Structures are given as structure tokens and as C-alpha cells.
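What follows is the content of query_19.cif, which has mmCIF, C-alpha atoms (C1' of nucleotides):
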```
data_input
#
loop_
_atom_site.label_atom_id
_atom_site.label_comp_id
_atom_site.auth_asym_id
_atom_site.auth_seq_id
_atom_site.Cartn_x
_atom_site.Cartn_y
_atom_site.Cartn_z
CA MET A 1 37.81 34.60 -3.54
CA LYS A 2 34.92 32.26 -3.93
CA GLN A 3 31.54 33.46 -5.04
CA LYS A 4 29.13 33.40 -2.14
CA VAL A 5 25.80 31.72 -2.73
CA ILE A 6 22.87 31.30 -0.38
CA THR A 7 20.74 28.27 -1.09
CA ILE A 8 17.28 27.61 0.23
CA VAL A 9 16.00 24.07 -0.05
CA GLY A 10 13.12 22.07 1.35
CA PRO A 11 9.98 20.24 0.42
CA THR A 12 7.17 21.75 -1.57
CA ALA A 13 4.85 24.07 0.34
CA SER A 14 7.41 24.81 3.04
CA GLY A 15 7.60 28.52 2.30
CA LYS A 16 10.91 28.70 0.45
CA SER A 17 9.90 31.34 -2.08
CA GLY A 18 8.75 33.81 0.53
CA LEU A 19 11.90 33.34 2.54
CA ALA A 20 14.07 33.81 -0.54
CA VAL A 21 12.47 37.16 -1.25
CA TYR A 22 12.88 38.17 2.38
CA ILE A 23 16.56 37.30 2.36
CA ALA A 24 17.08 38.94 -1.01
CA LYS A 25 15.66 42.15 0.40
CA LYS A 26 18.07 42.07 3.34
CA TYR A 27 21.18 41.14 1.43
CA ASN A 28 20.74 42.87 -1.87
CA GLY A 29 20.14 39.58 -3.55
CA GLU A 30 18.51 38.09 -6.60
CA VAL A 31 16.77 34.76 -6.72
CA ILE A 32 17.64 31.88 -9.00
CA SER A 33 14.96 29.22 -9.16
CA ALA A 34 15.96 25.59 -8.94
CA ASP A 35 12.76 23.99 -10.03
CA SER A 36 12.50 21.55 -12.89
CA ARG A 37 8.91 22.49 -13.66
CA GLN A 38 8.83 26.21 -13.04
CA ILE A 39 11.45 26.56 -15.74
CA TYR A 40 8.65 26.02 -18.23
CA LYS A 41 6.47 28.72 -19.68
CA ASN A 42 2.74 28.69 -18.94
CA LEU A 43 3.04 26.17 -16.13
CA ASP A 44 2.18 28.76 -13.54
CA ILE A 45 -0.64 27.86 -11.21
CA GLY A 46 0.06 24.15 -11.16
CA THR A 47 3.71 24.65 -10.31
CA GLY A 48 2.98 27.35 -7.76
CA LYS A 49 5.23 29.78 -9.53
CA ILE A 50 5.83 32.98 -7.62
CA THR A 51 3.80 35.90 -8.93
CA LYS A 52 5.16 39.27 -9.96
CA LYS A 53 3.49 40.79 -6.93
CA GLU A 54 5.01 38.28 -4.54
CA MET A 55 8.48 39.00 -5.90
CA LEU A 56 8.33 42.45 -4.31
CA GLY A 57 10.61 43.80 -6.95
CA ILE A 58 13.32 41.19 -6.47
CA PRO A 59 14.59 39.86 -9.82
CA HIS A 60 13.97 36.15 -10.32
CA HIS A 61 15.95 34.02 -12.73
CA LEU A 62 15.29 30.73 -14.50
CA LEU A 63 11.54 30.91 -14.42
CA SER A 64 9.35 30.50 -17.51
CA LEU A 65 12.16 30.09 -20.01
CA VAL A 66 11.37 26.90 -21.86
CA ASP A 67 8.50 25.72 -24.03
CA SER A 68 6.61 23.15 -22.00
CA LYS A 69 6.50 20.81 -24.97
CA LYS A 70 10.28 20.59 -24.94
CA GLN A 71 12.31 18.44 -22.63
CA PHE A 72 14.60 20.31 -20.29
CA ASN A 73 17.40 18.67 -18.29
CA VAL A 74 19.95 19.10 -15.52
CA SER A 75 22.80 19.86 -17.78
CA GLN A 76 21.02 22.76 -19.37
CA TYR A 77 20.05 23.88 -15.93
CA THR A 78 23.57 24.01 -14.56
CA ARG A 79 24.75 25.94 -17.58
CA LEU A 80 22.02 28.54 -17.22
CA ALA A 81 22.37 28.74 -13.46
CA ASN A 82 26.12 29.16 -13.57
CA THR A 83 25.68 32.02 -15.99
CA ALA A 84 23.06 33.61 -13.78
CA ILE A 85 25.30 33.36 -10.72
CA LYS A 86 28.16 34.97 -12.57
CA ASP A 87 25.91 37.71 -13.82
CA ILE A 88 24.49 38.45 -10.40
CA GLY A 89 27.92 38.31 -8.79
CA SER A 90 29.37 40.69 -11.32
CA ARG A 91 26.79 43.22 -10.29
CA LYS A 92 27.87 42.79 -6.67
CA LYS A 93 24.62 41.21 -5.67
CA MET A 94 23.97 38.04 -3.73
CA PRO A 95 22.75 35.01 -5.67
CA ILE A 96 20.07 33.11 -3.80
CA ILE A 97 19.24 29.69 -5.14
CA CYS A 98 15.79 28.58 -4.16
CA GLY A 99 14.02 25.43 -5.14
CA GLY A 100 13.04 21.88 -4.53
CA THR A 101 14.73 19.99 -7.33
CA GLY A 102 17.54 18.30 -5.46
CA LEU A 103 19.37 16.97 -8.46
CA TYR A 104 19.55 20.36 -10.11
CA ILE A 105 20.81 22.01 -6.97
CA ASP A 106 23.43 19.37 -6.27
CA ALA A 107 24.60 19.29 -9.85
CA LEU A 108 25.05 23.02 -9.75
CA LEU A 109 26.54 23.51 -6.32
CA LEU A 110 28.40 20.26 -5.76
CA GLY A 111 29.62 20.32 -9.34
CA LEU A 112 28.33 16.96 -10.47
CA GLN A 113 29.65 16.36 -13.94
CA PHE A 114 27.43 14.13 -15.99
CA PRO A 115 28.79 12.53 -19.14
CA GLU A 116 28.29 14.84 -22.07
CA VAL A 117 26.04 12.68 -24.16
CA LYS A 118 22.99 14.33 -25.60
CA PRO A 119 19.63 12.58 -25.37
CA ASP A 120 18.91 10.49 -28.45
CA LYS A 121 15.18 10.51 -28.99
CA ASN A 122 15.12 7.69 -31.50
CA LEU A 123 17.29 5.42 -29.43
CA ARG A 124 15.20 6.11 -26.36
CA ALA A 125 11.97 5.37 -28.15
CA LYS A 126 13.39 2.08 -29.33
CA LEU A 127 14.76 1.10 -25.95
CA GLU A 128 11.66 2.06 -24.03
CA LYS A 129 9.78 -0.77 -25.68
CA LYS A 130 12.06 -3.33 -24.09
CA THR A 131 11.69 -4.74 -20.62
CA ALA A 132 14.01 -3.81 -17.80
CA SER A 133 15.78 -7.14 -17.88
CA GLU A 134 16.34 -6.89 -21.62
CA LEU A 135 17.81 -3.45 -21.15
CA PHE A 136 19.98 -4.71 -18.37
CA LEU A 137 21.48 -7.35 -20.63
CA ILE A 138 22.22 -4.78 -23.29
CA LEU A 139 23.96 -2.57 -20.79
CA LYS A 140 25.90 -5.48 -19.37
CA LYS A 141 27.37 -6.17 -22.79
CA LEU A 142 28.33 -2.55 -23.21
CA ASP A 143 29.63 -1.78 -19.73
CA GLN A 144 30.06 -4.48 -17.15
CA ARG A 145 31.04 -2.10 -14.40
CA ARG A 146 28.07 0.23 -14.73
CA ALA A 147 25.79 -2.80 -14.95
CA ARG A 148 27.09 -3.89 -11.61
CA ASP A 149 25.88 -0.87 -9.62
CA ILE A 150 22.91 0.27 -11.65
CA ASP A 151 19.39 -0.32 -10.40
CA LYS A 152 18.41 -3.07 -12.80
CA ASN A 153 14.69 -2.45 -12.46
CA ASN A 154 14.88 1.20 -13.30
CA LYS A 155 14.22 1.52 -17.01
CA VAL A 156 14.80 5.23 -17.16
CA ARG A 157 18.30 4.82 -15.75
CA LEU A 158 19.03 1.83 -17.91
CA VAL A 159 18.04 3.65 -21.06
CA ARG A 160 20.24 6.58 -20.23
CA ALA A 161 23.17 4.36 -19.31
CA ILE A 162 22.88 2.53 -22.62
CA GLU A 163 22.65 5.84 -24.41
CA ILE A 164 25.90 6.95 -22.80
CA ALA A 165 27.66 3.64 -23.27
CA LYS A 166 26.74 3.52 -26.94
CA SER A 167 28.23 6.91 -27.49
CA LEU A 168 31.34 6.75 -25.31
CA GLY A 169 31.94 3.03 -25.23
CA HIS A 170 31.27 2.94 -21.51
CA VAL A 171 29.64 4.95 -18.73
CA PRO A 172 32.31 7.04 -17.04
CA ASN A 173 32.36 7.47 -13.28
CA LEU A 174 30.48 10.44 -12.02
CA LYS A 175 32.92 13.23 -11.38
CA LYS A 176 32.68 16.05 -8.93
CA LYS A 177 34.32 19.21 -10.04
CA ASN A 178 35.49 21.73 -7.48
CA THR A 179 33.10 24.60 -7.69
CA ASP A 180 33.97 28.21 -7.16
CA PHE A 181 31.18 28.71 -4.70
CA ASP A 182 31.05 29.32 -1.01
CA VAL A 183 27.59 27.96 -0.29
CA LEU A 184 25.41 28.52 2.73
CA TRP A 185 22.76 25.81 2.80
CA ILE A 186 19.49 26.65 4.47
CA GLY A 187 16.71 24.08 4.67
CA ILE A 188 13.12 24.57 5.67
CA ARG A 189 11.31 21.55 6.96
CA PRO A 190 8.05 22.05 8.79
CA ASP A 191 6.81 19.22 10.97
CA ASP A 192 4.72 16.68 9.09
CA GLU A 193 1.38 17.90 10.34
CA THR A 194 2.05 21.49 9.32
CA LEU A 195 3.41 20.48 5.96
CA LYS A 196 0.35 18.37 5.24
CA LYS A 197 -1.87 21.27 6.15
CA ASN A 198 0.12 23.64 3.94
CA ILE A 199 -0.12 21.27 1.02
CA SER A 200 -3.84 20.96 1.41
CA LYS A 201 -4.40 24.70 1.77
CA ARG A 202 -2.22 25.48 -1.18
CA LEU A 203 -4.03 23.03 -3.39
CA THR A 204 -7.36 24.65 -2.57
CA ALA A 205 -5.86 28.03 -3.34
CA ARG A 206 -4.59 26.79 -6.68
CA MET A 207 -8.01 25.55 -7.61
CA LYS A 208 -9.43 28.96 -6.81
CA ARG A 209 -6.80 30.60 -8.96
CA GLY A 210 -7.91 28.54 -11.93
CA MET A 211 -5.70 25.50 -12.07
CA ILE A 212 -8.22 23.60 -14.14
CA SER A 213 -8.53 26.29 -16.77
CA GLU A 214 -4.75 26.47 -16.93
CA GLY A 215 -4.77 22.78 -17.73
CA LYS A 216 -7.49 23.17 -20.34
CA LYS A 217 -5.59 25.99 -21.97
CA LEU A 218 -2.39 23.97 -22.13
CA LYS A 219 -4.25 21.12 -23.74
CA LYS A 220 -5.89 23.43 -26.22
CA ASN A 221 -2.50 24.79 -27.14
CA GLY A 222 -1.34 21.34 -28.01
CA LEU A 223 0.35 19.98 -24.92
CA SER A 224 -0.15 16.24 -25.24
CA LEU A 225 -1.78 14.25 -22.47
CA ARG A 226 1.30 12.10 -22.44
CA ARG A 227 3.30 15.18 -21.67
CA PHE A 228 0.85 16.12 -18.93
CA ASP A 229 1.54 12.74 -17.40
CA SER A 230 5.29 13.05 -17.54
CA LEU A 231 5.22 16.47 -15.93
CA GLY A 232 3.88 14.79 -12.81
CA LEU A 233 1.76 15.92 -9.88
CA GLU A 234 -0.79 18.63 -10.72
CA TYR A 235 -0.32 18.20 -14.45
CA ARG A 236 -0.47 14.43 -14.32
CA TYR A 237 -3.73 14.56 -12.39
CA LEU A 238 -5.10 17.45 -14.40
CA GLY A 239 -4.48 15.26 -17.43
CA LYS A 240 -6.37 12.36 -15.90
CA PHE A 241 -9.21 14.72 -15.09
CA LEU A 242 -9.31 16.15 -18.61
CA LYS A 243 -9.35 12.60 -19.96
CA LYS A 244 -12.30 12.03 -17.64
CA GLU A 245 -10.50 9.20 -15.91
CA LEU A 246 -11.10 10.92 -12.61
CA THR A 247 -13.76 13.19 -11.18
CA LYS A 248 -12.69 16.51 -9.79
CA LYS A 249 -13.04 15.20 -6.27
CA GLU A 250 -10.96 12.11 -7.00
CA MET A 251 -8.33 14.22 -8.68
CA LEU A 252 -7.96 16.45 -5.67
CA GLU A 253 -7.83 13.59 -3.20
CA LYS A 254 -5.23 11.66 -5.09
CA LEU A 255 -3.23 14.72 -5.93
CA GLU A 256 -2.99 15.79 -2.34
CA LYS A 257 -1.61 12.41 -1.36
CA GLU A 258 0.76 12.42 -4.28
CA ILE A 259 2.10 15.86 -3.36
CA TRP A 260 2.72 14.64 0.14
CA GLN A 261 4.65 11.66 -1.18
CA TYR A 262 6.67 13.99 -3.34
CA ALA A 263 7.48 16.17 -0.35
CA ARG A 264 8.76 13.08 1.46
CA ARG A 265 10.99 12.20 -1.46
CA GLN A 266 12.40 15.70 -1.45
CA ILE A 267 13.14 15.46 2.24
CA THR A 268 14.85 12.11 1.71
CA TRP A 269 17.08 13.68 -0.90
CA PHE A 270 18.04 16.73 1.13
CA LYS A 271 18.64 14.76 4.32
CA ARG A 272 21.80 13.38 2.75
CA ASN A 273 23.39 16.78 2.62
CA LYS A 274 24.92 17.35 6.04
CA ASP A 275 25.79 20.98 5.28
CA ILE A 276 22.18 22.05 5.35
CA VAL A 277 21.15 24.09 8.38
CA TRP A 278 17.54 23.24 9.04
CA PHE A 279 14.71 25.45 10.20
CA LYS A 280 11.10 24.65 10.90
CA ASP A 281 9.40 27.41 8.95
CA ASN A 282 9.75 30.94 7.59
CA SER A 283 7.99 32.66 10.48
CA LYS A 284 9.35 35.87 11.91
CA TYR A 285 11.10 34.00 14.68
CA SER A 286 12.79 31.56 12.32
CA SER A 287 13.64 34.29 9.88
CA GLN A 288 15.56 36.13 12.54
CA LYS A 289 17.52 33.05 13.39
CA ILE A 290 18.19 32.48 9.72
CA ILE A 291 19.44 36.04 9.38
CA GLY A 292 21.74 35.36 12.30
CA VAL A 293 23.17 32.33 10.55
CA ILE A 294 23.65 34.25 7.33
CA ASN A 295 25.37 37.13 9.10
CA LYS A 296 27.83 34.82 10.75
CA TRP A 297 28.60 33.09 7.47
CA HIS A 298 28.84 36.36 5.63
CA LEU A 299 31.36 37.84 8.06
CA LYS A 300 33.63 34.85 7.83
CA GLY A 301 35.13 36.18 4.66
"C1'" G B 1 -40.87 -12.95 8.59
"C1'" C B 2 -39.25 -16.20 4.45
"C1'" G B 3 -35.58 -16.80 0.65
"C1'" U B 4 -30.91 -15.54 -1.13
"C1'" C B 5 -25.93 -13.56 -1.52
"C1'" G B 6 -22.21 -11.79 1.43
"C1'" G B 7 -19.10 -10.31 6.18
"C1'" U B 8 -11.03 -11.47 5.11
"C1'" G B 9 -5.38 -7.35 7.47
"C1'" G B 10 -5.75 0.76 7.40
"C1'" U B 11 -9.00 0.43 2.60
"C1'" A B 12 -10.53 -2.19 -1.87
"C1'" G B 13 -10.48 -7.11 -2.98
"C1'" A B 14 -8.34 -12.60 -4.09
"C1'" G B 15 -8.37 -17.12 -1.60
"C1'" U B 16 -13.27 -21.85 -0.85
"C1'" G B 17 -10.02 -28.28 3.77
"C1'" G B 18 -3.31 -28.64 4.45
"C1'" U B 19 1.83 -25.58 0.20
"C1'" C B 20 -2.08 -19.15 4.33
"C1'" A B 21 0.09 -14.32 8.44
"C1'" A B 22 -3.13 -15.11 3.86
"C1'" U B 23 -2.16 -13.24 -4.15
"C1'" U B 24 -2.76 -8.25 -5.68
"C1'" A B 25 -3.70 -2.99 -5.71
"C1'" C B 26 -3.99 1.37 -2.89
"C1'" A B 27 -2.84 3.89 1.56
"C1'" A B 28 1.26 4.23 5.27
"C1'" G B 29 6.65 4.15 6.51
"C1'" A B 30 11.88 3.89 5.05
"C1'" G B 31 15.30 4.49 1.17
"C1'" A B 32 17.90 4.89 -3.78
"C1'" C B 33 19.26 8.31 -7.48
"C1'" U B 34 25.61 9.01 -13.60
"C1'" G B 35 21.97 14.70 -18.78
"C1'" U B 36 13.49 12.55 -18.19
"C1'" A B 37 14.29 14.07 -11.23
"C1'" A B 38 7.04 16.92 -9.78
"C1'" A B 39 10.32 11.75 -13.29
"C1'" U B 40 11.99 6.77 -12.28
"C1'" C B 41 13.10 2.77 -8.98
"C1'" U B 42 13.70 -0.40 -4.26
"C1'" C B 43 12.50 -2.28 0.53
"C1'" U B 44 9.13 -2.81 4.89
"C1'" C B 45 4.17 -3.22 6.05
"C1'" G B 46 -0.60 -8.49 12.34
"C1'" C B 47 2.29 -8.77 17.21
"C1'" C B 48 6.93 -10.54 19.49
"C1'" U B 49 11.83 -12.29 18.15
"C1'" U B 50 18.48 -14.22 20.36
"C1'" C B 51 15.89 -13.80 12.88
"C1'" G B 52 15.78 -20.35 13.97
"C1'" G B 53 11.08 -19.25 15.15
"C1'" G B 54 6.99 -18.13 18.57
"C1'" C B 55 2.03 -16.06 19.32
"C1'" U B 56 -2.83 -14.06 17.89
"C1'" A B 57 -5.82 -13.72 13.54
"C1'" C B 58 -10.25 -14.10 7.92
"C1'" G B 59 -18.06 -11.12 11.87
"C1'" A B 60 -19.17 -14.15 17.01
"C1'" A B 61 -19.75 -18.72 19.55
"C1'" G B 62 -19.79 -23.77 19.15
"C1'" G B 63 -18.92 -28.27 16.16
"C1'" U B 64 -16.77 -31.84 12.27
"C1'" U B 65 -11.60 -33.11 11.06
"C1'" C B 66 -4.99 -35.43 12.18
"C1'" G B 67 -5.68 -30.33 10.11
"C1'" A B 68 -10.56 -24.90 8.87
"C1'" A B 69 -10.31 -18.19 6.31
"C1'" U B 70 -12.23 -22.44 3.63
"C1'" C B 71 -17.25 -27.69 5.76
"C1'" C B 72 -21.70 -27.88 9.51
"C1'" U B 73 -25.00 -25.41 13.41
"C1'" U B 74 -26.73 -21.18 15.90
"C1'" C B 75 -26.35 -16.07 16.58
"C1'" C B 76 -25.05 -10.92 15.04
"C1'" C B 77 -24.49 -7.46 10.88
"C1'" G B 78 -25.17 -5.75 5.53
"C1'" G B 79 -27.11 -6.07 0.23
"C1'" C B 80 -30.93 -7.96 -2.83
"C1'" G B 81 -35.75 -10.58 -3.89
"C1'" C B 82 -40.54 -12.01 -2.04
"C1'" A B 83 -43.98 -10.77 1.63
#
```

Translate the structure of the given file into C-alpha cells.
Amino acid sequence: MKQKVITIVGPTASGKSGLAVYIAKKYNGEVISADSRQIYKNLDIGTGKITKKEMLGIPHHLLSLVDSKKQFNVSQYTRLANTAIKDIGSRKKMPIICGGTGLYIDALLLGLQFPEVKPDKNLRAKLEKKTASELFLILKKLDQRRARDIDKNNKVRLVRAIEIAKSLGHVPNLKKKNTDFDVLWIGIRPDDETLKKNISKRLTARMKRGMISEGKKLKKNGLSLRRFDSLGLEYRYLGKFLKKELTKKEMLEKLEKEIWQYARRQITWFKRNKDIVWFKDNSKYSSQKIIGVINKWHLKG
RNA sequence: GCGUCGGUGGUAGAGUGGUCAAUUACAAGAGACUGUAAAUCUCUCGCCUUCGGGCUACGAAGGUUCGAAUCCUUCCCGGCGCA
């Protein structure tokens, strides 16, 4: 019998975390985070990590595990998440995946198998200095086929493709492995106006909770400004503020827009998955409907 | 009041007689996604379109010219200087 897994996806500030706890309470579940930034230690306020209090006693996995100076990736994520699912399942509890990082979730639940080539820091550093078209030519020599479908303006992708091709001789086709999961996909997508409001409110709340001092502390503890930038969103803009490139007001204005753009990108990603059952919010009314959907799925076997 | 500089698409800001529906950036919208994914990348972006093109536009109104966002006149608005 397949392991049952409930998954809650949606854009940032849609109320996923609260819903996950609510469902976990009802179904004797534990939550596994699927968030590429909340996996890091000490990135708490800026990532909107759920607090101990908000967890209401529900165990949460894959939060605050990695040093924020280190680079984490999908492959590590799927390994950890698979282990967590097994662990939770073995204790006869319901794993609830909750998060907004589409790639991580799909890799885990759709079984995307990426080529097993470890990141090569030196090679990357060398390649990053080249232009996209130079990189494209390098890749073309190594793997004609991959060069044909790759986005030839996307340096990040090109670098990785070259990295793989150098190691394996070519870039293998992406494989999907059959997973042992029976997944119920639940999506939360508020209407645009509500989502915008939520984003704005949440940002204000984060400021009150001390987002700026969190940033200062991270910097003091040696997190480079370059790293701030690559972490994106709040940390990218916190970094610009700490560098004095932006005033506090400018930071907040730009950040709010940027978060909105991010939310749109998340929605674009999740829209592709036709298995997702969408709801507007996590209100009482929606929650009841969601429970109904879960019950039906749960009874099926 | 006189002088002077300026008024360009949602915003900032190029353009100073034809190659201009107008560089670029941002905002907005759509989308992509092979181990960085909160990252990275692409497309659209005056209106209409049978996708050939058509129409209306660079403060307003006139004028010069084969042709004006670009030159001239007047007016309106804003900055600065002098009164």
C-alpha cells in the first residue's frame, strides 16, 4: 500500500502554515516543510518561519537544519524529506508537506531524478565569469541535444548543464521515478487583492518582530552581503538596506512589490499541476470543505 | 512682471526635422524551469487588426515644411534667477 501524503501548496502569505497545523491536529499528522529558505538556521523572521507557539504542539520537520552560509539544494531536500516521510509513516502518523518551493515539492512527490553530479564550486566560479553566449557554445560542444532545449540566456542553467556534461559526458534526460506516495494536493490561492493585503500586513508584522535586527545579527555573525543577495526577497533587501543603498522606506516599498512578484511566480509554477484542488483561503468555511476533500480521499483506501 | 530652463507613454527619463508608437530602466501582465528555485531566465506592454497594416499620440492651439516629439508664434503649467 502506498504511503499517504497530504500536501499543501500556494503562494507566500496565503495561510498554508496555519492550515497545515489545523489538518495535522485533525488527522494525527506531522508537518514537513518544503521551503528552500526556512531550512536554514537563524533565518526566522525574514522567512516567516512558524513559531513554536503557532505549531500548537505539532512536530515540524525540515526547519532550521542548515547553516545559512552553506548552500542547500533540491537533492538534499528530497533525501531528507523522504526520510522524514518514512519516519512519520512508521509511527502511523500522517505526513503533511507544506511549503511554497515548487521545485522541492515536485522533486519529492513526482519523483524527479536529477543527474547525480555534485556542485563544483571552482568550476562554477570559473564559468560564472563568462557570458551566456560563451557558456552556450561550451555546452553545445559537450552536449548538442541539451543545448537544443536549454534556455540559452539563463546562465545559472547553462553553468549547471556544463557541470553535468563535464562529469557524465552529457546531460541525461530528466527521469521521473514512480514514487510510493498517494498524494492529496491542496492549494490555497486567495484572490489577488487579498493576497496583496496579506503580503503587506505580514511585512509590517515582520518589521515589528525585528526583521532588521535579525539582518544585522546575521551580518555580524559573518553572513556575507553577497549571500544576503542570493537568499532573495527580505534578505536581499535587508542587505541593500544594511549597505545603505536603500532607505528603510525604499526597502519596504520595493520588497513588498518583489514579494508580490514572487507570489505570482509561485502561482505560475503550481498552476501546471492539475492534481491540485484549489481553495481560496484557510477560513473556517474553506477548512471544512478541505476536511471534506481529505475525508473522501482518505476513505478511498 | 522680466529673464531663463523645462513640460514625452503608468512612473523615471532618452530622443532635438524623416530610419519614432518613440532607446532604456522601473512598474504591470503572461510564461519558462534537468542538484543555486525567495534563485535564474523569456515574452507582452498606446488603441484596433483578417497580423499586411490602420488609427490616435510627445502640455494646448495655430503656423513653417513634401514631412514635426523635434523649428516658429501665442497661450497654459512647473523649476530657477532678477525684481

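Picture a line from atom CA of A:His60 to atom CA of A:Ala24; it runs 10.2 Å.
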
Closest contacts (chain A/chain B, max 6 Å, all atoms listed in the file) as CSV:
```
residue,atom,partner,partner_atom,distance
A:Val74,CA,B:G35,C1',5.8
A:Ser75,CA,B:G35,C1',5.3
A:Phe114,CA,B:U34,C1',5.9
A:Asn154,CA,B:C41,C1',4.9
A:Val156,CA,B:U40,C1',5.8
A:Leu174,CA,B:U34,C1',5.3
A:Gly232,CA,B:A38,C1',4.9
A:Leu233,CA,B:A38,C1',5.4
```

Residues in the PyMOL selection byres ((chain A and resi 116-120) around 9), expressed as a VMD selection string
(chain A and resid 75 113 to 115 121 to 125 160 163 to 164 167 to 168) or (chain B and resid 35)

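Those residues that approach stretch 176-179 of chain A to within 8 Å, counting all atoms listed in the file, are Leu109, Leu110, Gly111, Leu112 and Gln113 of chain A; same-chain residues fewer than 6 positions away are not listed.
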
Answer key for the PyMOL selection byres ((chain B and resi 51-66) around 8), residues as number ranges by chain
B: 7-8, 21, 46-50, 67, 69, 71-73, 75-77

Name all residues at most 9 Å from A:Glu234 (count all atoms listed in the file; drop same-chain ones fewer than 5 positions away) and give them as number ranges by chain.
A: 46-47, 211, 228, 239, 251, 255, 259; B: 38

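Distance check against B:C26 using all atoms listed in the file: of B:U11, B:U4, B:U74, B:U44, the minimum falls on B:U11.
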
Expansion of the PyMOL selection byres ((chain A and resi 284-289) around 12) into residues, as an MDAnalysis selection string:
chainID A and resid 15:16 18:23 26 186:190 277:283 290:296

Would you mind exporting C-alpha atoms of the selected residues as a PDB file, in the frame of the given file?
```
ATOM      1  CA  GLY A  15       7.600  28.520   2.300  1.00  0.00           C
ATOM      2  CA  LYS A  16      10.910  28.700   0.450  1.00  0.00           C
ATOM      3  CA  GLY A  18       8.750  33.810   0.530  1.00  0.00           C
ATOM      4  CA  LEU A  19      11.900  33.340   2.540  1.00  0.00           C
ATOM      5  CA  ALA A  20      14.070  33.810  -0.540  1.00  0.00           C
ATOM      6  CA  VAL A  21      12.470  37.160  -1.250  1.00  0.00           C
ATOM      7  CA  TYR A  22      12.880  38.170   2.380  1.00  0.00           C
ATOM      8  CA  ILE A  23      16.560  37.300   2.360  1.00  0.00           C
ATOM      9  CA  LYS A  26      18.070  42.070   3.340  1.00  0.00           C
ATOM     10  CA  ILE A 186      19.490  26.650   4.470  1.00  0.00           C
ATOM     11  CA  GLY A 187      16.710  24.080   4.670  1.00  0.00           C
ATOM     12  CA  ILE A 188      13.120  24.570   5.670  1.00  0.00           C
ATOM     13  CA  ARG A 189      11.310  21.550   6.960  1.00  0.00           C
ATOM     14  CA  PRO A 190       8.050  22.050   8.790  1.00  0.00           C
ATOM     15  CA  VAL A 277      21.150  24.090   8.380  1.00  0.00           C
ATOM     16  CA  TRP A 278      17.540  23.240   9.040  1.00  0.00           C
ATOM     17  CA  PHE A 279      14.710  25.450  10.200  1.00  0.00           C
ATOM     18  CA  LYS A 280      11.100  24.650  10.900  1.00  0.00           C
ATOM     19  CA  ASP A 281       9.400  27.410   8.950  1.00  0.00           C
ATOM     20  CA  ASN A 282       9.750  30.940   7.590  1.00  0.00           C
ATOM     21  CA  SER A 283       7.990  32.660  10.480  1.00  0.00           C
ATOM     22  CA  ILE A 290      18.190  32.480   9.720  1.00  0.00           C
ATOM     23  CA  ILE A 291      19.440  36.040   9.380  1.00  0.00           C
ATOM     24  CA  GLY A 292      21.740  35.360  12.300  1.00  0.00           C
ATOM     25  CA  VAL A 293      23.170  32.330  10.550  1.00  0.00           C
ATOM     26  CA  ILE A 294      23.650  34.250   7.330  1.00  0.00           C
ATOM     27  CA  ASN A 295      25.370  37.130   9.100  1.00  0.00           C
ATOM     28  CA  LYS A 296      27.830  34.820  10.750  1.00  0.00           C
TER      29      LYS A 296
END
```

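Restricting the calculation to only C-alpha atoms (C1' of nucleotides), the smallest distance between B:U70 and any of B:C20, B:A83, B:C43, B:C5 is found for B:C20.
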
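In this structure, atom CA of A:Leu184 sits 28.1 Å away from atom CA of A:Arg202.
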
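Computed from the coordinates, the atom CA of A:His61 to atom CA of A:Gly215 distance equals 24.1 Å.
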